[in-house]
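Trainee: Let me give you the structure first, and then I'll get to my questions.
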Amino acid sequence: MLTLLGIPGALRAASTNRLLLAEARRAFGEAQHTEADLRLPLFDEDLEIAEGFPPGVLALHAQISAADAIVIATPEYNKALPGVLKNALDWVSRVPGAAWRDKPVAIMSAADGRAGGERSQYSLRLCLTPFRPRLITGPEVMIANSRKAFDDNGLLMDERSRKTLAELMSILRAEAERASA
């Protein structure tokens with residue numbers, strides 16, 4: 001059975017990006033689903049030298065390493081990816097072992113703005129590039145006006161967005177199956 005790691009770019013429990021991750025899990029299909037916790041201390045090399053890697057960083061690195069596929073759902077904060085997500089990438093990059101290398105990764109976003117997090121996706125792609133994952137380039141899933149995009153049950157209401165998400169998850173699943181074969 002495949003393992004799908006979901007990484008929410010927002011800390012808020014009720015964020016629309018967590019709702020989007022739930023939709024992605026459903027669209028991905030049967031798999032062992034895990035969700036990352038990005039509540040990590042701010043990256044500080046003095047902390048790393050004095051105390052080593054925080055347990056949460058090691059846990060995240062292990063989750064990334066063990067995953068067959070990864071989906072990241074991120075909001076857009078001030079025209080870029082959120083600091084909490086960038087901080088997690090910075091920490092994981094310090095841990096020995098190329099956790100992201102050749103890993104199938106899909107990116108999506110839900111944001112209150114009219115572009116749906118487009119700039120956060122581009123900045124995230126830029127930050128992931130040195131890790132050399134297998135980034136799925138499309139279709140792009142960008143949920144605009146995200147607070148109004150989900151129904152009372154947390155389901156994505158727009159049919160076109162659901163179809164685009166299903167296509168992205170189908171491609172991610174195929175990449176994960178190919179890599180694990």
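Residues are named by chain letter and number: chains run A, B, ... in the order of the structure tokens, numbers start at 1 in each chain, and ligands are numbered from 1 in the order shown.
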Can you tell me which residues surround region 30-37 of chain A at a distance of at most 6 Å, considering only C-alpha atoms, apart from same-chain residues fewer than 6 positions away, and format the answer as an MDAnalysis selection string?
Mentor: chainID A and resid 1:7
Trainee: I need the residues from that last selection saved to file as a PDB file, in the first residue's frame (with all heavy atoms), if you can.
Mentor:
```pdb
ATOM      1  N   MET A   1       0.845  -1.182   0.000  1.00  0.00           N
ATOM      2  CA  MET A   1       0.000   0.000   0.000  1.00  0.00           C
ATOM      3  C   MET A   1       0.887   1.241   0.000  1.00  0.00           C
ATOM      4  O   MET A   1       1.867   1.313   0.727  1.00  0.00           O
ATOM      5  CB  MET A   1      -0.908   0.009   1.231  1.00  0.00           C
ATOM      6  CG  MET A   1      -1.801   1.225   1.260  1.00  0.00           C
ATOM      7  SD  MET A   1      -2.977   1.275   2.626  1.00  0.00           S
ATOM      8  CE  MET A   1      -3.987  -0.113   2.255  1.00  0.00           C
ATOM      9  N   LEU A   2       0.516   2.226  -0.803  1.00  0.00           N
ATOM     10  CA  LEU A   2       1.273   3.468  -0.883  1.00  0.00           C
ATOM     11  C   LEU A   2       1.092   4.305   0.376  1.00  0.00           C
ATOM     12  O   LEU A   2       0.058   4.242   1.037  1.00  0.00           O
ATOM     13  CB  LEU A   2       0.810   4.294  -2.088  1.00  0.00           C
ATOM     14  CG  LEU A   2       1.101   3.719  -3.469  1.00  0.00           C
ATOM     15  CD1 LEU A   2       0.487   4.584  -4.550  1.00  0.00           C
ATOM     16  CD2 LEU A   2       2.604   3.578  -3.698  1.00  0.00           C
ATOM     17  N   THR A   3       2.100   5.100   0.674  1.00  0.00           N
ATOM     18  CA  THR A   3       2.037   6.051   1.781  1.00  0.00           C
ATOM     19  C   THR A   3       2.008   7.458   1.193  1.00  0.00           C
ATOM     20  O   THR A   3       2.909   7.832   0.436  1.00  0.00           O
ATOM     21  CB  THR A   3       3.260   5.907   2.706  1.00  0.00           C
ATOM     22  OG1 THR A   3       3.269   4.593   3.252  1.00  0.00           O
ATOM     23  CG2 THR A   3       3.210   6.912   3.838  1.00  0.00           C
ATOM     24  N   LEU A   4       0.978   8.222   1.544  1.00  0.00           N
ATOM     25  CA  LEU A   4       0.833   9.602   1.093  1.00  0.00           C
ATOM     26  C   LEU A   4       1.022  10.518   2.291  1.00  0.00           C
ATOM     27  O   LEU A   4       0.291  10.428   3.273  1.00  0.00           O
ATOM     28  CB  LEU A   4      -0.552   9.834   0.481  1.00  0.00           C
ATOM     29  CG  LEU A   4      -0.862  11.271   0.050  1.00  0.00           C
ATOM     30  CD1 LEU A   4       0.037  11.705  -1.106  1.00  0.00           C
ATOM     31  CD2 LEU A   4      -2.333  11.404  -0.339  1.00  0.00           C
ATOM     32  N   LEU A   5       2.001  11.406   2.191  1.00  0.00           N
ATOM     33  CA  LEU A   5       2.243  12.399   3.230  1.00  0.00           C
ATOM     34  C   LEU A   5       1.618  13.719   2.805  1.00  0.00           C
ATOM     35  O   LEU A   5       1.911  14.215   1.723  1.00  0.00           O
ATOM     36  CB  LEU A   5       3.747  12.581   3.460  1.00  0.00           C
ATOM     37  CG  LEU A   5       4.154  13.705   4.423  1.00  0.00           C
ATOM     38  CD1 LEU A   5       3.609  13.446   5.831  1.00  0.00           C
ATOM     39  CD2 LEU A   5       5.672  13.866   4.433  1.00  0.00           C
ATOM     40  N   GLY A   6       0.770  14.262   3.649  1.00  0.00           N
ATOM     41  CA  GLY A   6       0.192  15.578   3.415  1.00  0.00           C
ATOM     42  C   GLY A   6       0.909  16.597   4.279  1.00  0.00           C
ATOM     43  O   GLY A   6       1.097  16.379   5.474  1.00  0.00           O
ATOM     44  N   ILE A   7       1.320  17.685   3.668  1.00  0.00           N
ATOM     45  CA  ILE A   7       1.984  18.758   4.407  1.00  0.00           C
ATOM     46  C   ILE A   7       1.134  20.014   4.289  1.00  0.00           C
ATOM     47  O   ILE A   7       1.026  20.591   3.207  1.00  0.00           O
ATOM     48  CB  ILE A   7       3.414  19.018   3.892  1.00  0.00           C
ATOM     49  CG1 ILE A   7       4.264  17.750   4.012  1.00  0.00           C
ATOM     50  CG2 ILE A   7       4.049  20.189   4.646  1.00  0.00           C
ATOM     51  CD1 ILE A   7       5.680  17.893   3.491  1.00  0.00           C
TER      52      ILE A   7
END
```
Trainee: Do you have, as a Markdown table, the list of residues of region 89-181 of chain A lying at most 10 Å from region 51-69 of chain A, each with its nearest atom pair and that distance in Å to one decimal, counting only C-alpha atoms and ordered by chain then number?
Mentor:
```
| residue | atom | partner | partner_atom | distance |
| --- | --- | --- | --- | --- |
| A:Leu89 | CA | A:Val57 | CA | 9.6 |
| A:Asp90 | CA | A:Val57 | CA | 9.9 |
| A:Trp91 | CA | A:Val57 | CA | 6.4 |
| A:Val92 | CA | A:His61 | CA | 5.8 |
| A:Ser93 | CA | A:His61 | CA | 8.8 |
| A:Arg94 | CA | A:Phe53 | CA | 8.6 |
| A:Val95 | CA | A:His61 | CA | 7.3 |
| A:Pro96 | CA | A:His61 | CA | 9.3 |
| A:Gly97 | CA | A:Ser65 | CA | 8.6 |
| A:Ala98 | CA | A:Ser65 | CA | 8.0 |
| A:Ala99 | CA | A:Ser65 | CA | 4.6 |
| A:Trp100 | CA | A:Ile64 | CA | 6.6 |
| A:Arg101 | CA | A:Ser65 | CA | 8.9 |
| A:Asp102 | CA | A:Ala69 | CA | 10.0 |
| A:Lys103 | CA | A:Ala69 | CA | 6.3 |
| A:Pro104 | CA | A:Ala69 | CA | 5.0 |
| A:Val105 | CA | A:Ala69 | CA | 6.0 |
| A:Ala106 | CA | A:Ala69 | CA | 8.1 |
| A:Arg134 | CA | A:Ala69 | CA | 9.6 |
| A:Met169 | CA | A:Ala69 | CA | 9.9 |
| A:Leu172 | CA | A:Ala69 | CA | 6.9 |
| A:Arg173 | CA | A:Ala69 | CA | 7.3 |
| A:Ala174 | CA | A:Ala69 | CA | 9.8 |
| A:Glu175 | CA | A:Ala69 | CA | 8.0 |
| A:Ala176 | CA | A:Asp68 | CA | 5.5 |
| A:Glu177 | CA | A:Asp68 | CA | 8.0 |
| A:Arg178 | CA | A:Asp68 | CA | 10.0 |
| A:Ala179 | CA | A:Asp68 | CA | 7.8 |
| A:Ser180 | CA | A:Asp68 | CA | 7.1 |
```
Trainee: Do you know which residues are at most 8 Å from Leu11 (chain A) counting only C-alpha atoms, after dropping those on the same chain fewer than 5 positions away, and could you put them as a list in words?
Mentor: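 These residues fall inside the cut-off: Leu38, Arg39 and Val84 of chain A.
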Trainee: At a cut-off of 8 Å, using only C-alpha atoms, what residues contact region 12-17 of chain A? Leave out same-chain residues fewer than 2 positions from it and give the result as number ranges by chain.
Mentor: A: 8-10, 19-21, 73-75, 109-111, 146-147, 150
Trainee: Hey, what does DSSP flag as helix (DSSP H, G or I) within region 92-126 of chain A? Can you give it to me as a list in words?
Mentor: Val92, Ser93, Arg94, Glu118, Arg119, Ser120, Gln121, Tyr122, Ser123, Leu124, Arg125 and Leu126 of chain A
Trainee: Would you mind exporting the chosen residues as a PDB file, in the first residue's frame, restricted to N, CA, C and O atoms?
Mentor:
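Final output, result.pdb:
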```
ATOM      1  N   VAL A  92      14.667  20.633   7.477  1.00  0.00           N
ATOM      2  CA  VAL A  92      14.829  19.307   6.855  1.00  0.00           C
ATOM      3  C   VAL A  92      16.067  19.269   5.962  1.00  0.00           C
ATOM      4  O   VAL A  92      16.743  18.243   5.874  1.00  0.00           O
ATOM      5  N   SER A  93      16.401  20.389   5.354  1.00  0.00           N
ATOM      6  CA  SER A  93      17.572  20.427   4.483  1.00  0.00           C
ATOM      7  C   SER A  93      18.873  20.196   5.246  1.00  0.00           C
ATOM      8  O   SER A  93      19.884  19.819   4.663  1.00  0.00           O
ATOM      9  N   ARG A  94      18.852  20.393   6.543  1.00  0.00           N
ATOM     10  CA  ARG A  94      20.050  20.237   7.367  1.00  0.00           C
ATOM     11  C   ARG A  94      20.290  18.783   7.803  1.00  0.00           C
ATOM     12  O   ARG A  94      21.414  18.419   8.131  1.00  0.00           O
ATOM     13  N   GLU A 118      -1.403  31.408  -6.178  1.00  0.00           N
ATOM     14  CA  GLU A 118      -0.486  31.195  -7.301  1.00  0.00           C
ATOM     15  C   GLU A 118       0.959  31.547  -6.940  1.00  0.00           C
ATOM     16  O   GLU A 118       1.884  30.772  -7.206  1.00  0.00           O
ATOM     17  N   ARG A 119       1.167  32.686  -6.304  1.00  0.00           N
ATOM     18  CA  ARG A 119       2.534  33.107  -5.980  1.00  0.00           C
ATOM     19  C   ARG A 119       3.154  32.217  -4.909  1.00  0.00           C
ATOM     20  O   ARG A 119       4.358  31.980  -4.925  1.00  0.00           O
ATOM     21  N   SER A 120       2.344  31.713  -3.994  1.00  0.00           N
ATOM     22  CA  SER A 120       2.901  30.810  -2.978  1.00  0.00           C
ATOM     23  C   SER A 120       3.394  29.525  -3.634  1.00  0.00           C
ATOM     24  O   SER A 120       4.417  28.975  -3.240  1.00  0.00           O
ATOM     25  N   GLN A 121       2.675  29.068  -4.645  1.00  0.00           N
ATOM     26  CA  GLN A 121       3.113  27.851  -5.342  1.00  0.00           C
ATOM     27  C   GLN A 121       4.433  28.081  -6.071  1.00  0.00           C
ATOM     28  O   GLN A 121       5.325  27.236  -6.017  1.00  0.00           O
ATOM     29  N   TYR A 122       4.560  29.216  -6.726  1.00  0.00           N
ATOM     30  CA  TYR A 122       5.805  29.480  -7.448  1.00  0.00           C
ATOM     31  C   TYR A 122       6.984  29.622  -6.491  1.00  0.00           C
ATOM     32  O   TYR A 122       8.071  29.109  -6.759  1.00  0.00           O
ATOM     33  N   SER A 123       6.777  30.302  -5.367  1.00  0.00           N
ATOM     34  CA  SER A 123       7.872  30.434  -4.407  1.00  0.00           C
ATOM     35  C   SER A 123       8.205  29.080  -3.777  1.00  0.00           C
ATOM     36  O   SER A 123       9.377  28.783  -3.522  1.00  0.00           O
ATOM     37  N   LEU A 124       7.200  28.244  -3.550  1.00  0.00           N
ATOM     38  CA  LEU A 124       7.450  26.914  -2.998  1.00  0.00           C
ATOM     39  C   LEU A 124       8.229  26.055  -3.995  1.00  0.00           C
ATOM     40  O   LEU A 124       9.172  25.342  -3.611  1.00  0.00           O
ATOM     41  N   ARG A 125       7.865  26.110  -5.259  1.00  0.00           N
ATOM     42  CA  ARG A 125       8.602  25.359  -6.280  1.00  0.00           C
ATOM     43  C   ARG A 125      10.078  25.768  -6.282  1.00  0.00           C
ATOM     44  O   ARG A 125      10.969  24.918  -6.368  1.00  0.00           O
ATOM     45  N   LEU A 126      10.321  27.061  -6.179  1.00  0.00           N
ATOM     46  CA  LEU A 126      11.691  27.570  -6.146  1.00  0.00           C
ATOM     47  C   LEU A 126      12.443  27.014  -4.941  1.00  0.00           C
ATOM     48  O   LEU A 126      13.592  26.587  -5.055  1.00  0.00           O
TER      49      LEU A 126
END
```
Trainee: Skip Glu167 (chain A) itself and residues of its chain fewer than 3 positions away, then list as a ChimeraX atom specification all residues within 10 Å of it, counting only C-alpha atoms.
Mentor: /A:27-28,138-141,161-164,170-173
